[in-house]
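Trainee: I am sharing target.txt, which consists of compact mmCIF, C-alpha atoms:
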# COMPACT_ATOMS: atom_id res chain seq x y z
CA MET A 30 -147.24 -199.72 -240.04
CA LEU A 31 -145.77 -200.48 -236.63
CA LEU A 32 -146.29 -203.52 -234.39
CA CYS A 33 -145.04 -202.62 -230.94
CA ASN A 34 -145.73 -202.69 -227.23
CA LEU A 35 -144.57 -199.17 -226.29
CA VAL A 36 -147.56 -197.47 -227.85
CA SER A 37 -147.13 -194.13 -226.08
CA ILE A 38 -143.64 -193.73 -227.57
CA ALA A 39 -144.88 -194.73 -231.01
CA ILE A 40 -147.54 -192.04 -230.77
CA ARG A 41 -145.08 -189.46 -229.52
CA VAL A 42 -142.70 -189.97 -232.44
CA GLY A 43 -145.62 -189.84 -234.87
CA ALA A 44 -145.99 -193.41 -236.18
CA PRO A 45 -149.16 -193.22 -238.29
CA ARG A 46 -150.49 -196.78 -237.91
CA ILE A 47 -149.87 -198.68 -234.68
CA VAL A 48 -151.02 -202.15 -233.60
CA PRO A 49 -150.31 -202.76 -229.88
CA THR A 50 -148.61 -206.03 -228.97
CA ARG A 51 -148.19 -207.95 -225.71
CA GLY A 52 -144.58 -207.50 -224.68
CA ILE A 53 -141.48 -205.50 -225.51
CA PRO A 54 -139.19 -208.49 -226.33
CA PHE A 55 -141.73 -210.31 -228.54
CA PRO A 56 -143.78 -207.93 -230.71
CA THR A 57 -145.19 -210.76 -232.84
CA GLY A 58 -145.49 -213.47 -230.23
CA ASP A 59 -146.55 -214.33 -226.72
CA PRO A 60 -144.39 -216.96 -224.95
CA GLU A 61 -147.18 -217.55 -222.42
CA LEU A 62 -149.27 -219.29 -225.05
CA ALA A 63 -149.00 -222.81 -226.38
CA PRO A 64 -147.21 -222.87 -229.76
CA GLU A 65 -150.35 -223.24 -231.89
CA GLU A 66 -152.19 -220.54 -229.94
CA GLU A 67 -149.20 -218.24 -230.23
CA ARG A 68 -149.16 -218.71 -233.98
CA ARG A 69 -152.88 -217.88 -234.12
CA TRP A 70 -152.22 -214.72 -232.09
CA ARG A 71 -149.43 -213.75 -234.49
CA ARG A 72 -151.73 -214.31 -237.43
CA ARG A 73 -154.37 -212.06 -235.88
CA LEU A 74 -151.72 -209.37 -235.35
CA LEU A 75 -150.78 -209.52 -239.01
CA GLU A 76 -154.38 -209.48 -240.17
CA ARG A 77 -154.88 -206.39 -238.02
CA ALA A 78 -151.72 -204.91 -239.56
CA LEU A 79 -153.18 -205.41 -243.03
CA GLU A 80 -156.42 -203.73 -241.92
CA ALA A 81 -154.40 -200.80 -240.58
CA LEU A 82 -152.52 -200.49 -243.87
CA GLY A 83 -155.83 -200.35 -245.71
CA THR A 84 -157.27 -197.62 -243.50
CA ALA A 85 -156.85 -193.88 -244.15
CA VAL A 86 -155.39 -192.04 -241.13
CA GLU A 87 -154.65 -188.39 -240.42
CA GLY A 88 -152.03 -188.87 -237.72
CA PRO A 89 -150.89 -191.47 -235.16
CA THR A 90 -153.72 -194.01 -234.92
CA VAL A 91 -153.90 -197.05 -232.65
CA PHE A 92 -155.59 -200.13 -234.09
CA GLU A 93 -156.51 -202.02 -230.94
CA MET A 94 -156.77 -205.79 -231.03
CA ALA A 95 -160.28 -207.05 -230.50
CA THR A 96 -160.53 -209.18 -227.35
CA VAL A 97 -160.91 -212.77 -228.41
CA ARG A 98 -160.77 -215.71 -226.04
CA GLU A 99 -157.54 -217.63 -226.60
CA GLY A 100 -158.05 -220.97 -228.20
CA SER A 101 -161.40 -219.97 -229.70
CA ASP A 102 -162.04 -220.82 -233.31
CA ALA A 103 -159.58 -218.92 -235.49
CA GLY A 104 -162.14 -218.37 -238.23
CA ALA A 105 -164.55 -216.64 -235.86
CA ALA A 106 -161.74 -214.46 -234.55
CA GLU A 107 -160.86 -213.32 -238.04
CA SER A 108 -164.31 -212.20 -239.05
CA GLY A 109 -164.80 -210.56 -235.66
CA SER A 110 -161.65 -208.47 -235.92
CA SER A 111 -162.17 -207.39 -239.51
CA ALA A 112 -165.74 -206.32 -238.85
CA SER A 113 -164.54 -204.05 -236.07
CA ALA A 114 -161.62 -202.68 -238.07
CA THR A 115 -162.65 -199.05 -238.18
CA ALA A 116 -164.78 -199.07 -235.06
CA THR A 117 -161.83 -199.80 -232.80
CA ALA A 118 -159.29 -197.57 -234.54
CA ARG A 119 -158.51 -194.75 -232.18
CA PRO A 120 -156.82 -191.61 -233.50
CA ALA A 121 -154.22 -190.41 -231.03
CA THR A 122 -152.88 -186.93 -230.71
CA SER A 123 -149.20 -186.49 -230.22
CA SER A 124 -148.35 -184.82 -226.91
CA MET B 3 -117.09 -166.02 -254.69
CA ARG B 4 -117.09 -169.07 -256.92
CA ILE B 5 -120.15 -171.02 -255.88
CA VAL B 6 -121.12 -174.61 -256.70
CA HIS B 7 -124.79 -175.40 -256.18
CA TYR B 8 -126.21 -178.84 -255.32
CA LEU B 9 -129.77 -179.73 -256.42
CA ASN B 10 -131.74 -182.96 -256.67
CA GLN B 11 -132.91 -184.26 -260.03
CA PHE B 12 -136.29 -182.57 -259.63
CA PHE B 13 -135.03 -179.03 -259.07
CA ALA B 14 -132.31 -179.56 -261.68
CA GLY B 15 -135.15 -180.03 -264.16
CA VAL B 16 -134.16 -183.58 -265.08
CA GLY B 17 -137.34 -185.31 -263.94
CA GLY B 18 -139.51 -186.46 -261.07
CA GLU B 19 -139.66 -189.78 -259.25
CA GLU B 20 -139.05 -191.71 -262.49
CA SER B 21 -135.57 -190.12 -262.57
CA ALA B 22 -134.80 -190.54 -258.85
CA GLY B 23 -132.25 -193.25 -259.65
CA ILE B 24 -129.89 -191.14 -261.81
CA PRO B 25 -126.24 -190.90 -260.72
CA PRO B 26 -124.36 -187.65 -259.95
CA ALA B 27 -123.77 -185.21 -262.82
CA VAL B 28 -122.62 -181.62 -263.39
CA ARG B 29 -124.00 -178.76 -265.46
CA GLU B 30 -122.18 -175.53 -266.12
CA GLY B 31 -123.61 -172.43 -264.48
CA ALA B 32 -126.81 -172.00 -262.48
CA VAL B 33 -129.84 -174.22 -263.04
CA GLY B 34 -133.47 -173.89 -261.90
CA PRO B 35 -133.63 -172.21 -258.47
CA GLY B 36 -129.91 -171.52 -258.85
CA ARG B 37 -130.76 -168.89 -261.47
CA ALA B 38 -133.00 -167.01 -259.06
CA LEU B 39 -130.33 -167.35 -256.35
CA ALA B 40 -127.66 -166.00 -258.72
CA ALA B 41 -129.86 -163.00 -259.51
CA LEU B 42 -130.28 -162.29 -255.79
CA LEU B 43 -126.53 -162.57 -255.21
CA GLY B 44 -125.65 -160.01 -257.89
CA ASP B 45 -122.36 -159.70 -259.75
CA GLU B 46 -120.06 -160.25 -256.79
CA HIS B 47 -120.71 -163.98 -256.73
CA GLU B 48 -121.06 -166.51 -259.47
CA ILE B 49 -122.67 -169.95 -259.51
CA VAL B 50 -120.07 -171.62 -261.71
CA ALA B 51 -121.66 -175.04 -261.81
CA THR B 52 -124.57 -177.12 -260.58
CA VAL B 53 -124.05 -180.64 -259.27
CA PHE B 54 -127.16 -182.80 -259.16
CA CYS B 55 -128.22 -186.36 -258.48
CA GLY B 56 -131.36 -188.49 -258.25
CA ASP B 57 -132.80 -188.60 -254.71
CA ASP B 58 -132.98 -192.38 -254.48
CA TYR B 59 -129.46 -192.87 -255.81
CA ALA B 60 -128.02 -190.24 -253.50
CA ALA B 61 -129.88 -191.28 -250.34
CA SER B 62 -129.65 -195.05 -250.57
CA ASN B 63 -126.20 -195.52 -252.07
CA PRO B 64 -123.51 -195.30 -249.35
CA ALA B 65 -120.85 -194.18 -251.85
CA ALA B 66 -122.96 -191.35 -253.28
CA THR B 67 -121.76 -188.60 -250.94
CA GLU B 68 -118.15 -189.29 -251.86
CA GLU B 69 -119.03 -189.38 -255.58
CA LEU B 70 -120.70 -185.98 -255.24
CA LEU B 71 -117.81 -184.62 -253.22
CA VAL B 72 -115.34 -185.63 -255.95
CA LEU B 73 -117.31 -183.52 -258.44
CA VAL B 74 -117.46 -180.56 -256.05
CA ARG B 75 -113.74 -180.82 -255.28
CA GLU B 76 -112.82 -180.73 -258.99
CA LEU B 77 -114.76 -177.49 -259.39
CA ALA B 78 -112.73 -175.89 -256.57
CA PRO B 79 -115.46 -173.57 -255.28
CA ASP B 80 -115.11 -170.93 -252.57
CA LEU B 81 -118.52 -172.03 -251.32
CA LEU B 82 -120.82 -175.02 -251.77
CA VAL B 83 -124.53 -174.24 -251.50
CA ALA B 84 -126.95 -177.17 -251.14
CA GLY B 85 -130.74 -176.85 -251.41
CA PRO B 86 -133.13 -175.48 -250.33
CA ALA B 87 -134.47 -178.95 -249.63
CA PHE B 88 -137.67 -177.82 -247.82
CA THR B 89 -139.11 -180.89 -246.00
CA SER B 90 -138.00 -183.38 -248.65
CA GLY B 91 -136.33 -186.20 -246.67
CA ARG B 92 -134.00 -187.78 -249.20
CA TYR B 93 -133.00 -184.45 -250.72
CA GLY B 94 -132.38 -182.91 -247.29
CA LEU B 95 -130.30 -185.86 -246.13
CA VAL B 96 -128.09 -185.64 -249.21
CA CYS B 97 -127.70 -181.84 -248.95
CA ALA B 98 -126.69 -182.29 -245.29
CA ARG B 99 -124.25 -185.15 -245.93
CA LEU B 100 -122.60 -183.36 -248.85
CA GLY B 101 -122.40 -180.08 -246.92
CA ALA B 102 -120.87 -181.85 -243.91
CA ALA B 103 -118.37 -183.78 -246.05
CA ALA B 104 -117.29 -180.62 -247.88
CA ALA B 105 -116.97 -178.59 -244.67
CA ARG B 106 -114.92 -181.35 -243.05
CA GLU B 107 -112.34 -181.11 -245.78
CA GLY B 108 -112.16 -177.35 -245.69
CA ILE B 109 -114.60 -176.38 -248.47
CA ALA B 110 -116.96 -173.76 -247.04
CA ALA B 111 -120.54 -174.95 -247.33
CA VAL B 112 -124.05 -173.83 -246.46
CA VAL B 113 -127.22 -175.94 -246.59
CA ALA B 114 -130.85 -174.79 -246.69
CA MET B 115 -133.86 -176.80 -245.48
CA HIS B 116 -136.91 -176.70 -243.22
CA PRO B 117 -136.30 -177.35 -239.49
CA GLU B 118 -138.32 -180.58 -239.71
CA ASN B 119 -136.19 -182.03 -242.49
CA PRO B 120 -134.62 -185.34 -241.34
CA GLY B 121 -131.28 -184.17 -242.75
CA LEU B 122 -130.96 -181.31 -240.28
CA ASP B 123 -128.81 -183.05 -237.71
CA GLU B 124 -126.38 -184.48 -240.26
CA ALA B 125 -125.14 -181.19 -241.70
CA GLU B 126 -122.76 -180.30 -238.89
CA PRO B 127 -120.16 -178.77 -239.26
CA ALA B 128 -121.83 -177.04 -242.25
CA PRO B 129 -124.35 -174.39 -241.15
CA VAL B 130 -128.02 -174.84 -242.08
CA ILE B 131 -130.28 -171.93 -243.04
CA GLU B 132 -134.02 -172.30 -242.57
CA SER B 133 -136.13 -172.66 -245.69
CA GLY B 134 -139.89 -172.92 -246.15
CA ARG B 135 -141.78 -176.17 -245.90
CA ILE B 136 -142.58 -176.67 -249.60
CA GLY B 137 -141.28 -175.59 -252.99
CA ARG B 138 -143.92 -172.89 -253.26
CA GLU B 139 -141.96 -171.02 -250.59
CA MET B 140 -138.90 -170.93 -252.84
CA ARG B 141 -138.68 -167.15 -253.14
CA PRO B 142 -138.44 -166.19 -249.44
CA SER B 143 -136.24 -169.25 -248.86
CA LEU B 144 -133.79 -168.12 -251.54
CA GLU B 145 -133.81 -164.55 -250.22
CA ARG B 146 -132.80 -165.74 -246.76
CA LEU B 147 -130.18 -168.06 -248.24
CA ALA B 148 -128.74 -165.24 -250.38
CA ARG B 149 -128.43 -163.01 -247.31
CA ALA B 150 -126.65 -165.81 -245.47
CA ILE B 151 -124.23 -166.26 -248.39
CA GLN B 152 -123.47 -162.50 -248.29
CA THR B 153 -122.79 -162.81 -244.56
CA LEU B 154 -120.43 -165.74 -245.13
CA SER B 155 -118.64 -163.84 -247.92
CA ARG B 156 -117.81 -161.11 -245.39
CA GLY B 157 -116.10 -163.76 -243.31
CA GLU B 158 -118.77 -163.67 -240.58
CA GLN B 159 -120.37 -166.62 -238.79
CA LEU B 160 -124.02 -167.45 -239.36
CA ARG B 161 -126.18 -167.05 -236.27
CA GLU B 162 -129.75 -167.59 -235.22
CA GLN B 163 -130.78 -164.13 -236.44
CA ASP B 164 -129.53 -165.08 -239.92
CA GLY B 165 -131.99 -167.98 -239.94
CA ARG B 166 -129.49 -170.58 -238.80
CA ILE B 167 -131.10 -173.75 -237.48
CA GLY B 168 -129.91 -177.08 -236.14
CA ARG B 169 -126.94 -177.85 -234.03
CA ALA B 170 -124.21 -175.25 -233.80
CA PRO B 171 -120.76 -175.88 -232.38
CA ARG B 172 -120.70 -175.18 -228.64
CA ARG B 173 -118.47 -172.42 -227.42
CA ASN B 174 -117.82 -171.75 -223.74
CA ARG B 175 -118.50 -168.27 -222.48
CA LEU B 176 -119.02 -166.71 -219.08
CA SER B 177 -122.57 -165.78 -218.21
CA GLU B 178 -123.17 -162.76 -216.03
CA GLN B 179 -125.87 -164.63 -214.14
CA THR B 180 -125.41 -167.78 -212.14
CA ALA B 181 -127.24 -170.97 -213.13
CA ALA B 182 -129.63 -170.44 -210.19
CA GLN B 183 -130.56 -166.98 -211.38
CA ARG B 184 -131.10 -168.17 -214.94
CA SER B 185 -133.22 -171.11 -213.76
CA VAL B 186 -135.50 -168.85 -211.74
CA GLU B 187 -135.79 -166.48 -214.67
CA LEU B 188 -136.77 -169.33 -216.97
CA LEU B 189 -139.26 -170.61 -214.40
CA LEU B 190 -140.87 -167.17 -214.14
CA ALA B 191 -141.02 -166.94 -217.92
CA ARG B 192 -142.68 -170.37 -218.01
CA LEU B 193 -145.23 -169.32 -215.37
CA ALA B 194 -145.94 -166.25 -217.46
CA GLY B 195 -146.88 -168.50 -220.37
CA ASP B 196 -143.63 -168.77 -222.36
CA ARG B 197 -143.50 -172.46 -223.37
CA GLU B 198 -140.57 -172.13 -225.77
CA ARG B 199 -137.59 -170.66 -223.96
CA SER B 200 -134.97 -173.16 -222.85
CA GLU B 201 -131.22 -173.38 -222.52
CA VAL B 202 -131.37 -177.01 -223.55
CA PRO B 203 -133.83 -177.45 -226.41
CA LEU B 204 -135.34 -180.95 -226.58
CA PRO B 205 -134.83 -182.98 -229.76
CA SER B 206 -137.70 -182.55 -232.15
CA PHE B 207 -139.23 -185.64 -233.71
CA GLY B 208 -140.78 -183.56 -236.47
CA SER B 209 -143.90 -184.95 -238.01
CA VAL B 210 -144.67 -187.72 -240.43
CA THR B 211 -147.35 -187.34 -243.06
CA PRO B 212 -149.13 -190.70 -243.15
CA SER B 213 -149.16 -192.37 -246.54
CA GLY B 214 -152.55 -193.09 -248.06
CA PRO B 215 -154.28 -196.41 -247.37
CA LEU B 216 -153.28 -199.48 -249.34
CA ALA B 217 -156.02 -200.06 -251.91
CA ASP B 218 -155.64 -203.83 -251.83
CA PRO B 219 -153.08 -205.80 -249.77
CA ALA B 220 -153.80 -208.80 -251.99
CA GLY B 221 -152.19 -206.93 -254.89
CA ALA B 222 -149.39 -205.30 -252.92
CA ARG B 223 -145.73 -206.02 -252.35
CA ILE B 224 -145.19 -205.88 -248.59
CA ALA B 225 -141.89 -205.81 -246.70
CA LEU B 226 -141.09 -207.06 -243.20
CA LEU B 227 -138.77 -204.82 -241.18
CA THR B 228 -137.54 -204.93 -237.60
CA GLU B 229 -135.51 -202.84 -235.21
CA GLY B 230 -135.17 -205.92 -233.00
CA ALA B 231 -131.67 -206.66 -234.36
CA LEU B 232 -132.62 -210.06 -235.77
CA VAL B 233 -129.61 -211.42 -237.67
CA PRO B 234 -128.33 -214.84 -238.77
CA MET B 235 -126.81 -216.84 -235.90
CA GLY B 236 -123.31 -215.66 -235.10
CA ASN B 237 -124.04 -212.11 -236.35
CA PRO B 238 -121.80 -212.46 -239.45
CA ASP B 239 -122.04 -208.76 -240.36
CA ARG B 240 -121.38 -207.53 -236.83
CA LEU B 241 -124.51 -205.48 -236.25
CA GLU B 242 -124.04 -203.32 -233.14
CA SER B 243 -126.25 -204.18 -230.15
CA ALA B 244 -126.63 -200.51 -229.20
CA ARG B 245 -126.15 -197.13 -230.87
CA ALA B 246 -126.25 -198.86 -234.25
CA THR B 247 -124.69 -196.94 -237.10
CA ARG B 248 -125.96 -199.33 -239.76
CA TRP B 249 -128.79 -201.47 -240.92
CA LEU B 250 -128.61 -204.79 -242.73
CA ARG B 251 -130.66 -206.88 -245.15
CA TYR B 252 -131.19 -210.62 -245.22
CA GLN B 253 -132.86 -212.89 -247.76
CA LEU B 254 -136.33 -214.32 -247.22
CA ASP B 255 -136.73 -215.82 -250.68
CA GLY B 256 -137.43 -219.52 -250.56
CA LEU B 257 -138.06 -219.46 -246.81
CA ASP B 258 -141.46 -220.29 -245.37
CA GLN B 259 -140.24 -219.83 -241.84
CA LEU B 260 -137.21 -218.84 -239.82
CA GLU B 261 -135.49 -221.93 -238.56
CA GLN B 262 -134.94 -222.07 -234.83
CA GLY B 263 -131.27 -221.72 -234.01
CA ALA B 264 -130.46 -220.16 -237.39
CA TYR B 265 -131.25 -216.61 -236.23
CA GLN B 266 -130.62 -214.58 -233.14
CA SER B 267 -131.31 -211.11 -231.86
CA VAL B 268 -128.23 -209.11 -230.87
CA HIS B 269 -130.32 -206.26 -229.45
CA GLY B 270 -128.76 -205.00 -226.23
CA GLY B 271 -131.88 -203.36 -224.83
CA PHE B 272 -134.09 -206.28 -223.82
CA SER B 273 -133.88 -209.98 -222.95
CA THR B 274 -133.53 -211.83 -226.23
CA VAL B 275 -134.40 -215.24 -224.75
CA ALA B 276 -137.94 -215.34 -226.19
CA ALA B 277 -136.86 -214.06 -229.61
CA ASN B 278 -133.97 -216.50 -229.86
CA ALA B 279 -136.23 -219.42 -228.95
CA ASP B 280 -138.55 -218.46 -231.83
CA PRO B 281 -137.41 -215.70 -234.24
CA HIS B 282 -141.01 -215.28 -235.47
CA ARG B 283 -141.63 -213.37 -232.24
CA LEU B 284 -139.58 -210.59 -233.88
CA LEU B 285 -140.17 -211.20 -237.57
CA PRO B 286 -143.53 -212.84 -238.40
CA LEU B 287 -142.39 -214.62 -241.57
CA ASP B 288 -144.38 -217.82 -240.89
CA VAL B 289 -147.82 -216.22 -240.88
CA ALA B 290 -146.87 -213.56 -243.45
CA ARG B 291 -145.95 -216.37 -245.86
CA GLU B 292 -149.20 -218.14 -245.00
CA LEU B 293 -151.16 -214.97 -245.83
CA GLU B 294 -149.19 -214.67 -249.08
CA HIS B 295 -150.03 -218.26 -250.06
CA GLU B 296 -153.70 -217.58 -249.31
CA GLY B 297 -153.59 -214.51 -251.58
CA ARG B 298 -154.23 -212.00 -248.81
CA ILE B 299 -150.79 -210.45 -249.29
CA GLY B 300 -149.76 -209.97 -252.93
CA THR B 301 -146.03 -210.64 -252.57
CA LEU B 302 -143.69 -210.60 -249.61
CA HIS B 303 -140.57 -208.55 -250.35
CA HIS B 304 -137.62 -210.90 -250.91
CA GLU B 305 -135.54 -209.64 -248.01
CA TYR B 306 -136.04 -208.14 -244.57
CA LEU B 307 -134.28 -205.06 -243.26
CA THR B 308 -132.98 -205.00 -239.71
CA THR B 309 -131.17 -202.77 -237.25
CA ALA B 310 -130.86 -202.42 -233.50
CA GLY B 311 -133.10 -199.66 -232.18
CA ASN B 312 -131.32 -199.17 -228.90
CA GLY B 313 -129.94 -195.84 -227.72
CA THR B 314 -130.04 -194.75 -231.35
CA GLN B 315 -129.65 -191.04 -232.01
CA VAL B 316 -132.77 -189.46 -233.46
CA ALA B 317 -130.73 -188.22 -236.43
CA THR B 318 -129.42 -191.71 -237.18
CA ALA B 319 -132.87 -193.27 -236.86
CA ARG B 320 -134.25 -190.63 -239.21
CA SER B 321 -131.59 -191.38 -241.81
CA PHE B 322 -132.33 -195.10 -241.54
CA GLY B 323 -136.01 -194.30 -242.09
CA VAL B 324 -135.29 -192.24 -245.18
CA GLU B 325 -132.88 -194.86 -246.53
CA TRP B 326 -135.34 -197.70 -245.91
CA ALA B 327 -138.15 -195.77 -247.58
CA ALA B 328 -136.00 -194.97 -250.65
CA GLU B 329 -134.77 -198.55 -250.81
CA LEU B 330 -138.24 -200.08 -250.56
CA ARG B 331 -139.82 -197.65 -252.99
CA GLN B 332 -137.15 -198.44 -255.57
CA ALA B 333 -137.87 -202.13 -255.07
CA GLY B 334 -141.57 -201.56 -255.78
CA VAL B 335 -142.72 -202.19 -252.20
CA GLN B 336 -146.05 -200.52 -251.37
CA ALA B 337 -146.26 -201.17 -247.64
CA ALA B 338 -144.07 -202.24 -244.75
CA ILE B 339 -144.75 -203.97 -241.45
CA LEU B 340 -142.17 -202.90 -238.88
CA THR B 341 -141.84 -204.66 -235.55
CA ALA B 342 -140.43 -202.61 -232.69
CA THR B 343 -139.23 -203.81 -229.31
In structure tokens, what does this structure look like?
Mentor:
Amino acid sequence: MLLCNLVSIAIRVGAPRIVPTRGIPFPTGDPELAPEEERRWRRRLLERALEALGTAVEGPTVFEMATVREGSDAGAAESGSSASATATARPATSS
Amino acid sequence: MRIVHYLNQFFAGVGGEESAGIPPAVREGAVGPGRALAALLGDEHEIVATVFCGDDYAASNPAATEELLVLVRELAPDLLVAGPAFTSGRYGLVCARLGAAAAREGIAAVVAMHPENPGLDEAEPAPVIESGRIGREMRPSLERLARAIQTLSRGEQLREQDGRIGRAPRRNRLSEQTAAQRSVELLLARLAGDRERSEVPLPSFGSVTPSGPLADPAGARIALLTEGALVPMGNPDRLESARATRWLRYQLDGLDQLEQGAYQSVHGGFSTVAANADPHRLLPLDVARELEHEGRIGTLHHEYLTTAGNGTQVATARSFGVEWAAELRQAGVQAAILTAT
């Protein structure tokens, strides 16, 4: 599965499982956040990646990140994102 | 003509994936699809030997092409035929590399595969003849290949009407129409609904069949990969910052995190300031290890693979993909998390 910011390119080249990230130079980070918050964000990205890997897909599919307030309780964020795993997966058609 | 035929271990009848690691070998005469090809070619041509190799060995071992070429050279054929490889990535890549290596040293070669095979762009200067998509289309694929071999034996070049695909050497010639006239003609054709015609075909990215879902990440071996050119500080193996021709591997065993200052990104396509300040922004080892300790990831693969995805040719990127997949599969990895910048 692919963690990247340039989602449209990932779709165009046919990457099957895509989790969108926040910036081109830091796919698994976000320098705007405080270190502990950034690590929590990275953990959520990886948890989402694992959900994507466990989901059957037909073609390029974007696994959006659920919107969670930064600094909110990490445990709540986890259960929230796993519950919405399939609901927020969006199959994309290659152009 | 004296023909030597290249097959992978599967079509040579040696075995399936369990035999994908076998080294190059030779059998006398035609084997498997080579027998049907020999029958189509008639008495004029003879398949004197079949060279074969396991797909994983041939695609992931950098010395494999040369090892195969040594065997071909010893057999002194008039023509090397490789494939048909259909859409099989590793097989196609090896057919293309062997065909190209043979052609470069003056052994005539022809390769057969489907246009979406990742090996297509690596065969030059050897010509590639279109085959079907899957092994079930063997018969028509061999018929087209046999016709192409007959054409070559008459000393003629293979052209599009012979089923030639992929890049062909460019030759200058004078057109009777000016560029302006040809552009307008193409525009009119486009307006009339022709979406295909072009003087400059765009690269095709082909298509990737998604692998099935991972049954249980907690029981899986998972690899971390990046095209963000993350390497140890000082770039000891001299990874290129653009148009990379190689990929590298670095150990993760015994590491719970990537020490700041011990790694750097040498990618030339974005500002590496953020990644250099904290390498986990490119390779999420810290939280991946945490998930492993918690039992949510079975095992993290003991090394990460890295290259610089910057101005990379599609053909090169495809080969890296095939090599990484072969490499990881051999190592028992079930899933990979690739970060892209």
Trainee: List the spatial neighbours of B:Glu76 as a ChimeraX atom specification - criterion: any atom at most 12 Å away, only C-alpha atoms, same-chain residues fewer than 4 positions off excluded.
Mentor: /B:6,28,50-51,53,69-72,80,104,109
Trainee: Got time to write the residues from that selection, C-alpha atoms, as a PDB file, in the coordinates of the input?
Mentor:
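The resulting again.pdb:
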ATOM      1  CA  VAL B   6    -121.120-174.610-256.700  1.00  0.00           C
ATOM      2  CA  VAL B  28    -122.620-181.620-263.390  1.00  0.00           C
ATOM      3  CA  VAL B  50    -120.070-171.620-261.710  1.00  0.00           C
ATOM      4  CA  ALA B  51    -121.660-175.040-261.810  1.00  0.00           C
ATOM      5  CA  VAL B  53    -124.050-180.640-259.270  1.00  0.00           C
ATOM      6  CA  GLU B  69    -119.030-189.380-255.580  1.00  0.00           C
ATOM      7  CA  LEU B  70    -120.700-185.980-255.240  1.00  0.00           C
ATOM      8  CA  LEU B  71    -117.810-184.620-253.220  1.00  0.00           C
ATOM      9  CA  VAL B  72    -115.340-185.630-255.950  1.00  0.00           C
ATOM     10  CA  ASP B  80    -115.110-170.930-252.570  1.00  0.00           C
ATOM     11  CA  ALA B 104    -117.290-180.620-247.880  1.00  0.00           C
ATOM     12  CA  ILE B 109    -114.600-176.380-248.470  1.00  0.00           C
TER      13      ILE B 109
END
Trainee: Set out as CSV a contact list for chain B and chain A with a cut-off of 7 Å, giving each residue of chain B that qualifies its closest atom pair and distance in Å to one decimal, counting only C-alpha atoms, ordered by chain and rising residue number.
Mentor:
residue,atom,partner,partner_atom,distance
B:Phe207,CA,A:Val42,CA,5.7
B:Ser209,CA,A:Gly43,CA,6.1
B:Val210,CA,A:Gly43,CA,6.0
B:Pro212,CA,A:Pro45,CA,5.5
B:Gly214,CA,A:Ala85,CA,5.9
B:Pro215,CA,A:Gly83,CA,4.5
B:Leu216,CA,A:Gly83,CA,4.5
B:Ala217,CA,A:Gly83,CA,6.2
B:Pro219,CA,A:Leu79,CA,6.8
B:Phe272,CA,A:Pro54,CA,6.1
B:Ser273,CA,A:Pro54,CA,6.5
B:Thr274,CA,A:Pro54,CA,6.6
B:Ala276,CA,A:Phe55,CA,6.7
B:Ala277,CA,A:Phe55,CA,6.2
B:His282,CA,A:Thr57,CA,6.7
B:Arg283,CA,A:Gly58,CA,4.4
B:Leu284,CA,A:Thr57,CA,5.7
B:Leu285,CA,A:Thr57,CA,6.9
B:Pro286,CA,A:Thr57,CA,6.2
B:Val289,CA,A:Arg72,CA,5.6
B:Ala338,CA,A:Met30,CA,6.2
B:Ile339,CA,A:Met30,CA,5.1
B:Leu340,CA,A:Leu31,CA,4.9
B:Thr341,CA,A:Leu32,CA,4.7
B:Ala342,CA,A:Cys33,CA,4.9
B:Thr343,CA,A:Ile53,CA,4.7
Trainee: Taking (-116.9, -173.4, -255.4) in the file's coordinates as the center, which residues reach within 12 Å of it, counting all atoms listed in the file, put as a ChimeraX atom specification?
Mentor: /B:3-8,31,47-53,71,73-84,104-105,108-112
Trainee: Would you mind exporting C-alpha atoms of the selected residues as a compact mmCIF listing (two decimals), keeping the file's coordinate frame?
Mentor:
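Dumped everything to out-v5.txt:
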# COMPACT_ATOMS: atom_id res chain seq x y z
CA MET B 3 -117.09 -166.02 -254.69
CA ARG B 4 -117.09 -169.07 -256.92
CA ILE B 5 -120.15 -171.02 -255.88
CA VAL B 6 -121.12 -174.61 -256.70
CA HIS B 7 -124.79 -175.40 -256.18
CA TYR B 8 -126.21 -178.84 -255.32
CA GLY B 31 -123.61 -172.43 -264.48
CA HIS B 47 -120.71 -163.98 -256.73
CA GLU B 48 -121.06 -166.51 -259.47
CA ILE B 49 -122.67 -169.95 -259.51
CA VAL B 50 -120.07 -171.62 -261.71
CA ALA B 51 -121.66 -175.04 -261.81
CA THR B 52 -124.57 -177.12 -260.58
CA VAL B 53 -124.05 -180.64 -259.27
CA LEU B 71 -117.81 -184.62 -253.22
CA LEU B 73 -117.31 -183.52 -258.44
CA VAL B 74 -117.46 -180.56 -256.05
CA ARG B 75 -113.74 -180.82 -255.28
CA GLU B 76 -112.82 -180.73 -258.99
CA LEU B 77 -114.76 -177.49 -259.39
CA ALA B 78 -112.73 -175.89 -256.57
CA PRO B 79 -115.46 -173.57 -255.28
CA ASP B 80 -115.11 -170.93 -252.57
CA LEU B 81 -118.52 -172.03 -251.32
CA LEU B 82 -120.82 -175.02 -251.77
CA VAL B 83 -124.53 -174.24 -251.50
CA ALA B 84 -126.95 -177.17 -251.14
CA ALA B 104 -117.29 -180.62 -247.88
CA ALA B 105 -116.97 -178.59 -244.67
CA GLY B 108 -112.16 -177.35 -245.69
CA ILE B 109 -114.60 -176.38 -248.47
CA ALA B 110 -116.96 -173.76 -247.04
CA ALA B 111 -120.54 -174.95 -247.33
CA VAL B 112 -124.05 -173.83 -246.46
